[in-house]
Amino acid sequence: MKPIKLPEPPSSPMGVPDIFEGGVYGVIRRAVIIGNGFPASENQSIGLVRALGLAEKQTLYQVTRPRGGVNEWLHWLPVSLHKKLDYIIRLIFGYSRILIAGKGNRMASLPAENGGRKGLSSVLEADVKKIVTMAHETFEKDGPLLVVASGRDTISIASSIKRLASEKVFVVQIQHPRSHLNRFDMVITPRHDYYSLTPHAKEKIPRLVHRWITPHEPPDRHVVLTVGALHQVDSGALRSAAIAWHDEFAPLPKPLLVVNIGGPTSRCRYGMDLAKQLAASLESVLVSCGSVRISFSRRTPGKVSNFILKELGNHPKVYIWDGEEPNPHMGHLAWADAFVITADSVSMLSEACSTGKPVYVIGAERCKWKFVQFHKSLRERGLVRPFTGLEDMSEMWSYPPLNDTAEAAHRVHEALAERGWRLRP
């Protein structure tokens, strides 16, 4: 396992009180994370806060949408409008239920908002007023507040916090908000989010719709561009995972090949054709593998996972994770000698490429639009190679590990210093 060196955050001389270095008002000691309930998005915010040394001093809030019934078709709406519409629908159906109940008929209850019986009621709701009030009332005692948000649903919350408490917070928005980037102190987004501005992309877009494709302008200095997604995989996390999973992975024959299978997306469409190609290619390289561990994601279609299970599940070298806890993902990252990953997942590829180990990609030719740019960037940096089934998995190769999270954290330190603030974990 190749260690990943994170840059050390700027620190003050030992023993110097905060009052001699700008006072408590310029020292950030805590972070608020605004999540959207999706692990892939929240993992980016948590990863950045971890790299900044505030993992033990973070509070997670979530922007929750109404769930169930017609609400599943309304996720394209802004959160605030979605909630208002849900309220109106509930009023109408609630009134109708009273009338129907009066006639002696039974009516199924409406699904509970925000997960209800699913256990989400205990999640801290991302309430702008409460977070802003906290930022103001605790500023003199605890200093400024770092706010890190990720995902489309968090944009309005994070920007409102910035607008209402601009002198008390530093707001970082991860993933491109598409417009009005000046609503945030910093925006962190993959470079391929600016693919629409490239000459190659403009050739594909009819001139009449250019104005509707965002972003419209190149990034300015408060936009931090990354290669892939931020995450929590650093040297410390890998060391801990190597220890935690030692008993399970250490005895396995080498080399250990880890296969991560995602699922089709609007930008990377595939089905059974890719599953058959993957199974055939894996069978071809089994002779050079000591062990193979296969994992599916939540997005993996059932017919794909069932096919892989049927084709490879009985091979003595192959183990397929059944989805039950504990999740071996971090153990895989720590102990694998090489990876095969489907092209659809920016997150899985970003994490694997942070290890410095061989990463093979299958299905990249099926991707389009900005995902083409993402995979091109990985190949040009020597981080990945296409998986063909002709590889000798005992042949190792490496590269400088992808270090997006650490580099983004360094940029946060610089931006805070320009403002006269700093972090004190």
# chains A, B, ... in the order shown; residues from 1 in each chain; ligands from 1
$ closest_atom_pairs --of "range 233-326 of chain A" --to "range 29-41 of chain A" --cutoff "12 Å" --atoms "only C-alpha atoms" --output "Markdown table"
| residue | atom | partner | partner_atom | distance |
| --- | --- | --- | --- | --- |
| A:Ser297 | CA | A:Ala40 | CA | 11.2 |
| A:Arg298 | CA | A:Pro39 | CA | 10.7 |
| A:Arg299 | CA | A:Ala40 | CA | 11.8 |
$ write_last_selection --atoms "N, CA, C and O atoms" --output "CSV table (one decimal), in the first residue's frame"
chain,number,residue,atom,x,y,z
A,297,SER,N,-23.0,-1.6,-6.2
A,297,SER,CA,-23.4,-0.4,-5.6
A,297,SER,C,-25.0,-0.4,-5.5
A,297,SER,O,-25.6,-1.4,-6.0
A,298,ARG,N,-25.5,0.6,-4.8
A,298,ARG,CA,-27.0,0.7,-4.7
A,298,ARG,C,-27.6,0.9,-6.1
A,298,ARG,O,-28.8,0.6,-6.3
A,299,ARG,N,-26.9,1.3,-7.0
A,299,ARG,CA,-27.4,1.6,-8.4
A,299,ARG,C,-27.3,0.4,-9.3
A,299,ARG,O,-27.8,0.5,-10.5
$ closest_residue --among "A:Ala229, A:Ile131, A:Glu407, A:Ser295" --to "Leu164 in chain A" --atoms "only C-alpha atoms"
A:Ile131
$ closest_residue --among "A:Ala343, A:Glu217, A:Trp335, A:Glu42" --to "Pro251 in chain A" --atoms "only C-alpha atoms"
A:Trp335
$ closest_atom_pairs --of "range 116-208 of chain A" --to "range 393-406 of chain A" --cutoff "12 Å" --atoms "only C-alpha atoms" --output "tab-separated table"
residue	atom	partner	partner_atom	distance
A:Ile174	CA	A:Thr405	CA	11.2
A:Ile188	CA	A:Thr405	CA	9.9
A:Thr189	CA	A:Asp404	CA	10.3
A:Pro190	CA	A:Asp404	CA	9.4
A:Arg191	CA	A:Asp404	CA	11.2
$ select_by_dssp --residues "range 243-288 of chain A" --states "strand (DSSP E)" --output "list in words"
Leu256, Leu257, Val258, Val259, Asn260 and Ile261 of chain A
$ closest_residue --among "A:Ile92, A:Asp153, A:Tyr61, A:Trp212" --to "Leu77 in chain A" --atoms "only C-alpha atoms"
A:Asp153
$ residues_around --residues "Leu333 in chain A" --least-positions-apart "3" --cutoff "10 Å" --atoms "only C-alpha atoms" --output "PyMOL selection string"
chain A and resi 1+233+237-238+241-242+258+328-330+336-339+351-355+357
$ closest_residue --among "A:Ser347, A:Ser305, A:Thr300, A:Ser45" --to "Ala149 in chain A" --atoms "only C-alpha atoms"
A:Ser45
